[in-house]
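structure15.cif, holding mmCIF, C-alpha atoms and all ligand atoms:
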```cif
data_work
loop_
_atom_site.label_atom_id
_atom_site.label_comp_id
_atom_site.auth_asym_id
_atom_site.auth_seq_id
_atom_site.Cartn_x
_atom_site.Cartn_y
_atom_site.Cartn_z
CA MET A 1 -5.89 -26.58 0.87
CA SER A 2 -3.12 -24.67 2.50
CA ILE A 3 -0.02 -23.04 1.17
CA ASP A 4 2.97 -25.19 1.97
CA LEU A 5 5.88 -23.22 3.34
CA THR A 6 7.69 -26.21 4.77
CA ASN A 7 10.79 -25.64 2.70
CA VAL A 8 10.66 -21.86 2.71
CA LYS A 9 13.34 -20.20 4.79
CA LEU A 10 12.85 -16.67 3.50
CA CYS A 11 9.66 -14.90 2.45
CA ILE A 12 10.23 -11.59 0.65
CA PHE A 13 7.32 -9.22 0.18
CA ASP A 14 6.49 -6.40 -2.15
CA VAL A 15 4.77 -3.54 -0.28
CA ASP A 16 2.29 -1.47 -2.30
CA SER A 17 -0.88 -3.46 -3.09
CA THR A 18 0.71 -6.53 -1.53
CA LEU A 19 0.91 -5.57 2.15
CA THR A 20 -0.62 -2.12 2.03
CA SER A 21 -3.17 -0.04 0.20
CA THR A 22 -3.47 3.74 0.13
CA LYS A 23 -5.53 5.54 2.73
CA SER A 24 -6.56 8.07 0.11
CA GLY A 25 -7.94 5.42 -2.21
CA ALA A 26 -5.56 6.56 -4.97
CA THR A 27 -3.70 3.90 -6.96
CA PHE A 28 -0.32 5.30 -5.95
CA ARG A 29 0.46 6.82 -2.60
CA LYS A 30 -0.04 10.58 -2.52
CA SER A 31 2.45 11.00 0.28
CA ALA A 32 4.82 8.78 2.22
CA GLN A 33 2.19 8.49 4.96
CA ASP A 34 -0.60 7.50 2.59
CA TRP A 35 -0.78 3.79 3.48
CA GLN A 36 -2.72 1.31 5.54
CA TRP A 37 -2.45 -2.44 6.09
CA MET A 38 -4.54 -4.58 3.78
CA PRO A 39 -6.84 -7.03 5.58
CA GLY A 40 -5.21 -10.12 7.05
CA ARG A 41 -1.65 -9.09 6.29
CA LEU A 42 -0.38 -8.31 9.74
CA GLU A 43 -1.84 -11.49 11.23
CA LYS A 44 -0.16 -13.67 8.65
CA LEU A 45 3.17 -11.87 8.94
CA HIS A 46 3.12 -12.43 12.69
CA ALA A 47 2.31 -16.10 12.15
CA LEU A 48 5.24 -16.45 9.74
CA LYS A 49 7.56 -14.81 12.23
CA ALA A 50 6.32 -17.11 15.00
CA ALA A 51 7.08 -20.07 12.73
CA GLY A 52 10.66 -18.91 12.38
CA ILE A 53 10.49 -17.99 8.71
CA GLY A 54 12.77 -15.15 7.66
CA MET A 55 10.95 -12.11 6.31
CA ALA A 56 12.10 -9.23 4.16
CA ILE A 57 10.66 -6.47 2.03
CA ALA A 58 11.73 -5.62 -1.53
CA THR A 59 10.02 -2.54 -2.89
CA ASN A 60 10.43 -0.12 -5.78
CA GLN A 61 9.82 3.40 -4.53
CA GLY A 62 10.37 5.32 -7.72
CA GLY A 63 8.07 8.08 -6.44
CA VAL A 64 11.19 9.49 -4.86
CA ALA A 65 12.77 9.79 -8.30
CA PHE A 66 9.95 12.07 -9.39
CA GLY A 67 9.78 14.16 -6.24
CA TYR A 68 6.44 12.81 -4.98
CA PHE A 69 8.06 12.18 -1.62
CA GLU A 70 11.45 12.28 0.07
CA VAL A 71 13.71 9.33 0.87
CA THR A 72 13.70 10.17 4.58
CA ASP A 73 9.89 10.20 4.71
CA ILE A 74 9.25 6.98 2.84
CA LEU A 75 12.09 5.26 4.70
CA ARG A 76 10.55 6.26 8.03
CA GLU A 77 7.18 4.82 6.98
CA LEU A 78 8.66 1.56 5.69
CA GLN A 79 10.74 1.16 8.83
CA ALA A 80 7.64 1.66 10.97
CA MET A 81 5.77 -0.86 8.85
CA ALA A 82 8.57 -3.42 9.17
CA ARG A 83 8.78 -2.91 12.92
CA ILE A 84 5.05 -3.54 13.36
CA ALA A 85 5.22 -6.62 11.14
CA GLY A 86 8.22 -8.09 12.95
CA ILE A 87 10.48 -7.77 9.92
CA PRO A 88 14.07 -7.16 11.03
CA LYS A 89 15.76 -3.81 10.45
CA GLY A 90 18.15 -5.37 7.96
CA GLY A 91 15.29 -6.88 5.99
CA LEU A 92 14.30 -3.74 4.16
CA TYR A 93 15.38 -3.49 0.51
CA ILE A 94 14.26 -0.36 -1.28
CA CYS A 95 14.99 0.90 -4.79
CA TYR A 96 14.59 4.64 -5.26
CA THR A 97 15.89 4.90 -8.78
CA HIS A 98 13.95 5.09 -12.03
CA PRO A 99 15.35 5.11 -15.57
CA LYS A 100 13.25 8.18 -16.43
CA ALA A 101 13.55 9.97 -13.10
CA SER A 102 12.92 13.70 -13.15
CA ILE A 103 15.46 14.11 -10.35
CA GLU A 104 18.87 13.45 -11.82
CA GLN A 105 20.48 11.77 -8.83
CA PHE A 106 17.85 9.01 -9.00
CA ARG A 107 18.00 8.52 -12.77
CA ALA A 108 19.57 5.14 -13.42
CA VAL A 109 19.13 1.79 -15.04
CA ASP A 110 19.44 -0.32 -11.95
CA ASN A 111 19.59 -4.07 -11.53
CA ARG A 112 18.05 -3.57 -8.09
CA ARG A 113 14.88 -2.11 -9.53
CA LYS A 114 12.25 -4.78 -10.17
CA PRO A 115 11.96 -6.59 -12.54
CA GLY A 116 15.72 -6.75 -11.90
CA PRO A 117 16.66 -9.39 -9.34
CA GLY A 118 19.08 -7.21 -7.34
CA MET A 119 17.09 -6.67 -4.18
CA LEU A 120 15.97 -10.29 -3.97
CA LEU A 121 19.55 -11.49 -4.39
CA GLU A 122 20.70 -9.11 -1.65
CA ALA A 123 18.05 -10.48 0.71
CA MET A 124 18.96 -14.08 -0.08
CA ARG A 125 22.61 -13.32 0.61
CA ASP A 126 21.88 -11.52 3.88
CA PHE A 127 19.47 -14.20 5.13
CA GLU A 128 21.67 -17.01 3.81
CA ALA A 129 18.75 -18.49 1.88
CA GLU A 130 19.18 -20.52 -1.28
CA ALA A 131 16.94 -19.84 -4.28
CA GLU A 132 14.88 -22.97 -3.63
CA GLU A 133 14.27 -21.82 -0.04
CA THR A 134 13.02 -18.38 -1.05
CA LEU A 135 9.55 -17.15 -1.99
CA TYR A 136 8.67 -13.73 -3.34
CA VAL A 137 5.14 -12.43 -2.84
CA GLY A 138 3.93 -9.53 -4.96
CA ASP A 139 1.09 -8.25 -7.11
CA LEU A 140 2.53 -7.12 -10.44
CA PRO A 141 4.08 -8.76 -13.50
CA GLU A 142 7.35 -6.96 -12.61
CA ASP A 143 7.31 -8.81 -9.27
CA GLU A 144 6.87 -12.17 -10.94
CA GLU A 145 9.59 -11.24 -13.40
CA ALA A 146 11.97 -10.25 -10.60
CA ALA A 147 11.40 -13.60 -8.90
CA LYS A 148 12.07 -15.39 -12.16
CA ASN A 149 15.24 -13.36 -12.69
CA ALA A 150 16.41 -14.27 -9.18
CA GLY A 151 15.49 -17.91 -9.73
CA VAL A 152 13.03 -18.02 -6.83
CA ALA A 153 9.37 -19.00 -6.51
CA PHE A 154 6.68 -16.37 -6.86
CA MET A 155 3.21 -16.23 -5.41
CA HIS A 156 0.60 -13.57 -6.04
CA ALA A 157 -0.35 -11.63 -2.91
CA SER A 158 -4.05 -12.40 -3.36
CA LYS A 159 -3.30 -16.10 -3.30
CA PHE A 160 -0.80 -15.92 -0.47
CA PHE A 161 -2.96 -13.81 1.81
CA GLU A 162 -6.53 -14.25 0.71
CA GLU A 163 -7.32 -17.35 -1.26
CA ASP A 164 -6.91 -19.57 1.72
CA GLY A 165 -6.72 -18.55 5.34
CA SER A 166 -4.30 -21.23 6.31
CA VAL A 167 -0.61 -21.50 5.70
CA ALA A 168 1.26 -24.66 6.51
CA LEU A 169 3.60 -23.12 9.01
CA GLN A 170 6.60 -25.10 9.96
CA SER A 171 10.03 -24.03 10.92
CA PRO A 172 12.48 -24.16 8.06
CA PRO A 173 14.56 -27.31 7.90
CA THR A 174 17.38 -27.29 10.39
CA ARG A 175 20.80 -27.82 8.99
CA ASN A 176 22.94 -30.34 10.73
CA SER A 177 26.57 -29.53 10.31
CA ALA A 178 27.52 -33.15 11.03
MG MG B 201 2.97 -3.81 -5.58
#
```
Write out the structure in this file as structure tokens.
Amino acid sequence: MSIDLTNVKLCIFDVDSTLTSTKSGATFRKSAQDWQWMPGRLEKLHALKAAGIGMAIATNQGGVAFGYFEVTDILRELQAMARIAGIPKGGLYICYTHPKASIEQFRAVDNRRKPGPGMLLEAMRDFEAEAEETLYVGDLPEDEEAAKNAGVAFMHASKFFEEDGSVALQSPPTRNSA
């Protein structure tokens, strides 16, 4: 059985424990550079790109709000990751805020922060994808909740990347303006 992406125009991905794990083996990254690709991720992302499916990243990086790493450092790593994966520059949605942040400038209740739908809605707007054409792939309940709040389908990363090697890859439906 394969995962049917026939009607999916935009695939949005969580990052930590969805696309990447830590090099250190810690649950949370110890530094901005503490990441490595999880098995099979890069291959599938390249296949999605080749099939013409839009790809974006939506990630909470609240570590910034507690001073574990700097915005410039994590941004550089995520940009490098996106470049390698073939995700466009504009397809990177990052939330640095946290309601209990120790650093005041990042302390906020933010609709962008998952489980809020903000980042997913931004991606859908930028990629001109309707809710029914969008899939969010993540690993946590907050990811599933964010998808629900944005009205889009959710798939767990383990299912999307690991349960079955094959993905039904077809170009998204073309829109005839006639
Ligand atoms: Mg995650």
* Would you please work out which residue, of A:Ala131, A:Ile94, A:Leu19, A:Ala153, is nearest to ligand MG 201 (chain B) when using only C-alpha atoms and all ligand atoms? => A:Leu19
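The residue that comes closest to ligand MG 201 (chain B), out of A:Ile3, A:Leu140, A:Ile84, A:Leu120 and on the basis of all atoms listed in the file, is A:Leu140.
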* To do: Around ligand MG 201 (chain B), at most 7 Å away and counting all atoms listed in the file, which residues are there? Put them as a VMD selection string, please.
  => chain A and resid 14 to 18 138 to 140
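Restricting the calculation to all atoms listed in the file, the smallest distance between Ala58 of chain A and any of A:Ile74, A:Ile87, A:Ala123, A:Ala26 is found for A:Ala123.
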* **All residues 12 Å or closer to Phe69 of chain A, all atoms listed in the file, same chain fewer than 2 positions away omitted, as a PyMOL selection string** => chain A and resi 28-34+61-67+71-77+96+103
* **atom CA of Thr59 of chain A to atom CA of Ser102 of chain A, straight-line distance in Å** =>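 The value is 19.4 Å.
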